[in-house]
2 protein chains.
Amino acid sequence: MSADTSKVPTPKDTVKVDKALEVFKNFLSAHNFRITDQRLAIFEAAYYHPEHYTAEDLHDSARAIDSSVSRATVYRTLPILVESNLIREVDVGRDYKYYMANRETKTFQAQVICAETDTIYEVDAPFMEWYGKAVAEKLGMEPISQRLQVIARPKKKV
Amino acid sequence: MSADTSKVPTPKDTVKVDKALEVFKNFLSAHNFRITDQRLAIFEAAYYHPEHYTAEDLHDSARAIDSSVSRATVYRTLPILVESNLIREVDVGRDYKYYMANRETKTFQAQVICAETDTIYEVDAPFMEWYGKAVAEKLGMEPISQRLQVIARPKKKV
DNA sequence: TTGGTTGCAAACAATTTGCATCTAA
DNA sequence: TTAGATGCAAATTGTTTGCAACCAA
């Protein structure tokens, strides 16, 4: 998350932080959206939040940075963050949505949801991109996005 | 769907209809649930409904059979139908759920959702069973269920 | 100055639930 | 007879929206 206070941030950290923040600011400007304290607080909370989080989680985290952030503004800012590709939505079929930072997106990822702990794991699933394309192909279509989700339980040790 | 009215139902049709109904009635009895007119109407509407449908769609269809069926009873009966494996839930990430009859389930099916028409297509995806297992395996888990969904658009004709 | 933003509270929409009444077994 | 079912309407819950006050550009 935020820099370890026990030492000065490394140049590398600074560069990374600035890059994402810059992307966000540029995105706002490019769309004639204003750069407000609330949006910056939500960005910081959203981009550096570890693991998956709900809108409510994000509301809490953003308030810790700027207590004036309202729930409505969180909900209004989430689509902007998703659109700018800084975070992504992870819908696992609950009645609320999860989000997570897009810090270092590599290959396609599937979600494995543990039925016992409800934890959501992101797992590399490199073949999916191709396989989803093959499935869509059967209907003469091309994929825009896809998701593979596996509800699973821990294997019993033998 | 229902028998062609231009001819007498074949013995085969009759057997199929009776079988599903019997499964439902047996399921109810086995769980000490009562066999009511409303549940029978909902079963019939749910099991013979073509394609995917929402709870609201089902409510309409069931009312056409028995006008006394309330929305609450539809919602209360859906889990029973899913549990008895006569229908299955198809969650495509909207704010309401879809259902569809489990008439002849063969291999694993993926959903392809057309971004232009919103139509949901069920497509055989025989490898998924194995692939989902492989993905869960990476975490030392075994799959309980899985879903592959592809949002797609029609390919442009060249 | 002014058009985009905000917080608040009310509005929404799908689904669930409390309760008095009904009914299958 | 009686435990389970039903319809109705109210409640729930995550999310959206109208609006007057605000404020970034």
# chains A, B, ... in the order shown; residues from 1 in each chain; ligands from 1
>>> residues_around(residues="Ser70 (chain B)", least_positions_apart="3", cutoff="8 Å", atoms="only C-alpha atoms (C1' of nucleotides)", output="list in words")
His59, Arg63, Thr73 and Val74 of chain B; DG7 of chain D
>>> residues_around(residues="DA14 (chain C)", least_positions_apart="5", cutoff="10 Å", atoms="only C-alpha atoms (C1' of nucleotides)", output="MDAnalysis selection string")
(chainID A and resid 95) or (chainID B and resid 55:56 95:97) or (chainID D and resid 13)
>>> select_by_dssp(residues="region 31-130 of chain B", states="helix (DSSP H, G or I)", output="PDB file with N, CA and C atoms, in the first residue's frame")
ATOM      1  N   ASP B  37     -51.422 -26.547  -5.900  1.00  0.00           N
ATOM      2  CA  ASP B  37     -51.727 -26.119  -7.268  1.00  0.00           C
ATOM      3  C   ASP B  37     -50.703 -25.091  -7.748  1.00  0.00           C
ATOM      4  N   GLN B  38     -50.342 -24.173  -6.862  1.00  0.00           N
ATOM      5  CA  GLN B  38     -49.393 -23.125  -7.250  1.00  0.00           C
ATOM      6  C   GLN B  38     -48.039 -23.711  -7.627  1.00  0.00           C
ATOM      7  N   ARG B  39     -47.561 -24.640  -6.827  1.00  0.00           N
ATOM      8  CA  ARG B  39     -46.261 -25.239  -7.138  1.00  0.00           C
ATOM      9  C   ARG B  39     -46.313 -26.014  -8.451  1.00  0.00           C
ATOM     10  N   LEU B  40     -47.425 -26.674  -8.710  1.00  0.00           N
ATOM     11  CA  LEU B  40     -47.532 -27.428  -9.956  1.00  0.00           C
ATOM     12  C   LEU B  40     -47.557 -26.475 -11.152  1.00  0.00           C
ATOM     13  N   ALA B  41     -48.251 -25.352 -10.993  1.00  0.00           N
ATOM     14  CA  ALA B  41     -48.308 -24.379 -12.092  1.00  0.00           C
ATOM     15  C   ALA B  41     -46.924 -23.783 -12.348  1.00  0.00           C
ATOM     16  N   ILE B  42     -46.205 -23.486 -11.272  1.00  0.00           N
ATOM     17  CA  ILE B  42     -44.863 -22.916 -11.425  1.00  0.00           C
ATOM     18  C   ILE B  42     -43.927 -23.944 -12.052  1.00  0.00           C
ATOM     19  N   PHE B  43     -44.044 -25.189 -11.629  1.00  0.00           N
ATOM     20  CA  PHE B  43     -43.215 -26.239 -12.224  1.00  0.00           C
ATOM     21  C   PHE B  43     -43.459 -26.317 -13.727  1.00  0.00           C
ATOM     22  N   GLU B  44     -44.717 -26.354 -14.101  1.00  0.00           N
ATOM     23  CA  GLU B  44     -45.039 -26.504 -15.519  1.00  0.00           C
ATOM     24  C   GLU B  44     -44.509 -25.328 -16.333  1.00  0.00           C
ATOM     25  N   ALA B  45     -44.725 -24.129 -15.788  1.00  0.00           N
ATOM     26  CA  ALA B  45     -44.242 -22.942 -16.491  1.00  0.00           C
ATOM     27  C   ALA B  45     -42.721 -22.931 -16.573  1.00  0.00           C
ATOM     28  N   ALA B  46     -42.083 -23.367 -15.501  1.00  0.00           N
ATOM     29  CA  ALA B  46     -40.616 -23.310 -15.444  1.00  0.00           C
ATOM     30  C   ALA B  46     -39.972 -24.379 -16.308  1.00  0.00           C
ATOM     31  N   TYR B  47     -40.545 -25.561 -16.267  1.00  0.00           N
ATOM     32  CA  TYR B  47     -39.902 -26.675 -16.969  1.00  0.00           C
ATOM     33  C   TYR B  47     -40.124 -26.635 -18.470  1.00  0.00           C
ATOM     34  N   ALA B  55     -37.406 -14.360 -13.029  1.00  0.00           N
ATOM     35  CA  ALA B  55     -38.452 -14.687 -12.067  1.00  0.00           C
ATOM     36  C   ALA B  55     -39.761 -14.018 -12.485  1.00  0.00           C
ATOM     37  N   GLU B  56     -39.633 -12.812 -13.016  1.00  0.00           N
ATOM     38  CA  GLU B  56     -40.813 -12.074 -13.442  1.00  0.00           C
ATOM     39  C   GLU B  56     -41.480 -12.760 -14.634  1.00  0.00           C
ATOM     40  N   ASP B  57     -40.679 -13.201 -15.597  1.00  0.00           N
ATOM     41  CA  ASP B  57     -41.207 -13.957 -16.730  1.00  0.00           C
ATOM     42  C   ASP B  57     -41.964 -15.184 -16.234  1.00  0.00           C
ATOM     43  N   LEU B  58     -41.345 -15.859 -15.291  1.00  0.00           N
ATOM     44  CA  LEU B  58     -41.938 -17.088 -14.772  1.00  0.00           C
ATOM     45  C   LEU B  58     -43.244 -16.795 -14.053  1.00  0.00           C
ATOM     46  N   HIS B  59     -43.267 -15.692 -13.332  1.00  0.00           N
ATOM     47  CA  HIS B  59     -44.480 -15.291 -12.640  1.00  0.00           C
ATOM     48  C   HIS B  59     -45.618 -15.135 -13.647  1.00  0.00           C
ATOM     49  N   ASP B  60     -45.327 -14.456 -14.757  1.00  0.00           N
ATOM     50  CA  ASP B  60     -46.334 -14.272 -15.794  1.00  0.00           C
ATOM     51  C   ASP B  60     -46.815 -15.616 -16.348  1.00  0.00           C
ATOM     52  N   SER B  61     -45.870 -16.471 -16.687  1.00  0.00           N
ATOM     53  CA  SER B  61     -46.217 -17.767 -17.282  1.00  0.00           C
ATOM     54  C   SER B  61     -47.026 -18.625 -16.321  1.00  0.00           C
ATOM     55  N   ALA B  62     -46.638 -18.600 -15.064  1.00  0.00           N
ATOM     56  CA  ALA B  62     -47.334 -19.422 -14.079  1.00  0.00           C
ATOM     57  C   ALA B  62     -48.751 -18.909 -13.857  1.00  0.00           C
ATOM     58  N   ARG B  63     -48.888 -17.592 -13.876  1.00  0.00           N
ATOM     59  CA  ARG B  63     -50.221 -16.994 -13.707  1.00  0.00           C
ATOM     60  C   ARG B  63     -51.147 -17.358 -14.849  1.00  0.00           C
ATOM     61  N   ALA B  64     -50.569 -17.573 -16.027  1.00  0.00           N
ATOM     62  CA  ALA B  64     -51.386 -17.957 -17.176  1.00  0.00           C
ATOM     63  C   ALA B  64     -51.988 -19.335 -16.949  1.00  0.00           C
ATOM     64  N   ILE B  65     -51.337 -20.128 -16.123  1.00  0.00           N
ATOM     65  CA  ILE B  65     -51.827 -21.475 -15.815  1.00  0.00           C
ATOM     66  C   ILE B  65     -52.731 -21.443 -14.593  1.00  0.00           C
ATOM     67  N   ARG B  71     -46.165 -13.551  -6.733  1.00  0.00           N
ATOM     68  CA  ARG B  71     -44.735 -13.389  -6.970  1.00  0.00           C
ATOM     69  C   ARG B  71     -43.934 -14.047  -5.845  1.00  0.00           C
ATOM     70  N   ALA B  72     -44.407 -13.892  -4.618  1.00  0.00           N
ATOM     71  CA  ALA B  72     -43.684 -14.459  -3.471  1.00  0.00           C
ATOM     72  C   ALA B  72     -43.548 -15.968  -3.604  1.00  0.00           C
ATOM     73  N   THR B  73     -44.602 -16.617  -4.052  1.00  0.00           N
ATOM     74  CA  THR B  73     -44.536 -18.068  -4.179  1.00  0.00           C
ATOM     75  C   THR B  73     -43.597 -18.485  -5.309  1.00  0.00           C
ATOM     76  N   VAL B  74     -43.539 -17.672  -6.353  1.00  0.00           N
ATOM     77  CA  VAL B  74     -42.580 -17.953  -7.416  1.00  0.00           C
ATOM     78  C   VAL B  74     -41.169 -17.927  -6.843  1.00  0.00           C
ATOM     79  N   TYR B  75     -40.869 -16.868  -6.104  1.00  0.00           N
ATOM     80  CA  TYR B  75     -39.527 -16.758  -5.516  1.00  0.00           C
ATOM     81  C   TYR B  75     -39.265 -17.871  -4.507  1.00  0.00           C
ATOM     82  N   ARG B  76     -40.308 -18.322  -3.839  1.00  0.00           N
ATOM     83  CA  ARG B  76     -40.102 -19.377  -2.853  1.00  0.00           C
ATOM     84  C   ARG B  76     -39.963 -20.740  -3.516  1.00  0.00           C
ATOM     85  N   THR B  77     -40.515 -20.865  -4.718  1.00  0.00           N
ATOM     86  CA  THR B  77     -40.470 -22.166  -5.390  1.00  0.00           C
ATOM     87  C   THR B  77     -39.225 -22.349  -6.249  1.00  0.00           C
ATOM     88  N   LEU B  78     -38.673 -21.244  -6.737  1.00  0.00           N
ATOM     89  CA  LEU B  78     -37.487 -21.339  -7.585  1.00  0.00           C
ATOM     90  C   LEU B  78     -36.342 -22.146  -6.950  1.00  0.00           C
ATOM     91  N   PRO B  79     -36.006 -21.895  -5.701  1.00  0.00           N
ATOM     92  CA  PRO B  79     -34.911 -22.680  -5.107  1.00  0.00           C
ATOM     93  C   PRO B  79     -35.214 -24.176  -5.065  1.00  0.00           C
ATOM     94  N   ILE B  80     -36.497 -24.505  -4.906  1.00  0.00           N
ATOM     95  CA  ILE B  80     -36.880 -25.920  -4.878  1.00  0.00           C
ATOM     96  C   ILE B  80     -36.647 -26.553  -6.246  1.00  0.00           C
ATOM     97  N   LEU B  81     -37.008 -25.818  -7.289  1.00  0.00           N
ATOM     98  CA  LEU B  81     -36.825 -26.343  -8.648  1.00  0.00           C
ATOM     99  C   LEU B  81     -35.348 -26.482  -8.979  1.00  0.00           C
ATOM    100  N   VAL B  82     -34.563 -25.529  -8.520  1.00  0.00           N
ATOM    101  CA  VAL B  82     -33.116 -25.599  -8.770  1.00  0.00           C
ATOM    102  C   VAL B  82     -32.527 -26.772  -7.995  1.00  0.00           C
ATOM    103  N   GLU B  83     -32.954 -26.892  -6.753  1.00  0.00           N
ATOM    104  CA  GLU B  83     -32.439 -27.943  -5.887  1.00  0.00           C
ATOM    105  C   GLU B  83     -32.782 -29.329  -6.444  1.00  0.00           C
ATOM    106  N   MET B 128     -14.283 -27.411 -20.681  1.00  0.00           N
ATOM    107  CA  MET B 128     -14.317 -26.584 -19.492  1.00  0.00           C
ATOM    108  C   MET B 128     -14.209 -27.376 -18.202  1.00  0.00           C
ATOM    109  N   GLU B 129     -14.898 -28.481 -18.177  1.00  0.00           N
ATOM    110  CA  GLU B 129     -14.902 -29.292 -16.964  1.00  0.00           C
ATOM    111  C   GLU B 129     -13.453 -29.570 -16.548  1.00  0.00           C
ATOM    112  N   TRP B 130     -12.686 -29.967 -17.507  1.00  0.00           N
ATOM    113  CA  TRP B 130     -11.294 -30.304 -17.233  1.00  0.00           C
ATOM    114  C   TRP B 130     -10.469 -29.059 -16.911  1.00  0.00           C
TER     115      TRP B 130
END
>>> residues_around(residues="Lys106 (chain A)", least_positions_apart="5", cutoff="12 Å", atoms="only C-alpha atoms (C1' of nucleotides)", output="list in words")
Glu122, Val123, Asp124, Ala125 and Pro126 of chain A
>>> write_last_selection(atoms="N, CA, C and O atoms", output="compact mmCIF listing (two decimals), in the first residue's frame")
# COMPACT_ATOMS: atom_id res chain seq x y z
N GLU A 122 -7.42 -14.99 -7.58
CA GLU A 122 -7.22 -14.73 -9.00
C GLU A 122 -6.14 -15.70 -9.48
O GLU A 122 -5.06 -15.78 -8.89
N VAL A 123 -6.44 -16.42 -10.51
CA VAL A 123 -5.52 -17.44 -10.99
C VAL A 123 -5.25 -17.21 -12.47
O VAL A 123 -6.18 -16.98 -13.25
N ASP A 124 -4.00 -17.29 -12.87
CA ASP A 124 -3.68 -17.15 -14.29
C ASP A 124 -4.34 -18.29 -15.07
O ASP A 124 -4.25 -19.44 -14.69
N ALA A 125 -4.99 -17.92 -16.14
CA ALA A 125 -5.64 -18.92 -16.99
C ALA A 125 -5.36 -18.55 -18.44
O ALA A 125 -6.25 -18.12 -19.18
N PRO A 126 -4.10 -18.72 -18.85
CA PRO A 126 -3.65 -18.21 -20.14
C PRO A 126 -4.40 -18.76 -21.34
O PRO A 126 -4.53 -18.06 -22.35
>>> residues_around(residues="DT5 (chain C)", least_positions_apart="5", cutoff="9 Å", atoms="only C-alpha atoms (C1' of nucleotides)", output="ChimeraX atom specification")
/A:34,36,73 /D:22-23
>>> select_by_dssp(residues="chain B", states="strand (DSSP E)", output="PyMOL selection string")
chain B and resi 53-54+87-90+98-101+109-114+120-124+141-154
>>> interface_residues(of="chain D", to="chain B", cutoff="12 Å", atoms="only C-alpha atoms (C1' of nucleotides)", output="JSON, numbers by chain")
{"D": [3, 4, 5, 6, 7, 8, 9, 14, 15]}
>>> interface_residues(of="chain B", to="chain A", cutoff="12 Å", atoms="only C-alpha atoms", output="PyMOL selection string")
chain B and resi 89-98+109-116+119-157
>>> interface_residues(of="chain C", to="chain B", cutoff="10 Å", atoms="only C-alpha atoms (C1' of nucleotides)", output="list in words")
DA13, DA14, DT15, DT16, DT17, DT23, DA24 and DA25 of chain C
>>> atom_distance(atom1="CA of Tyr53 (chain B)", atom2="CA of Glu22 (chain B)")
22.9 Å
>>> atom_distance(atom1="CA of Asn102 (chain B)", atom2="CA of Phe27 (chain B)")
15.4 Å
>>> residues_around(residues="Val23 (chain A)", least_positions_apart="5", cutoff="10 Å", atoms="only C-alpha atoms (C1' of nucleotides)", output="PyMOL selection string")
chain A and resi 18+28-29+84-86
>>> atom_distance(atom1="C1' of DA24 (chain D)", atom2="CA of Ser67 (chain A)")
19.5 Å
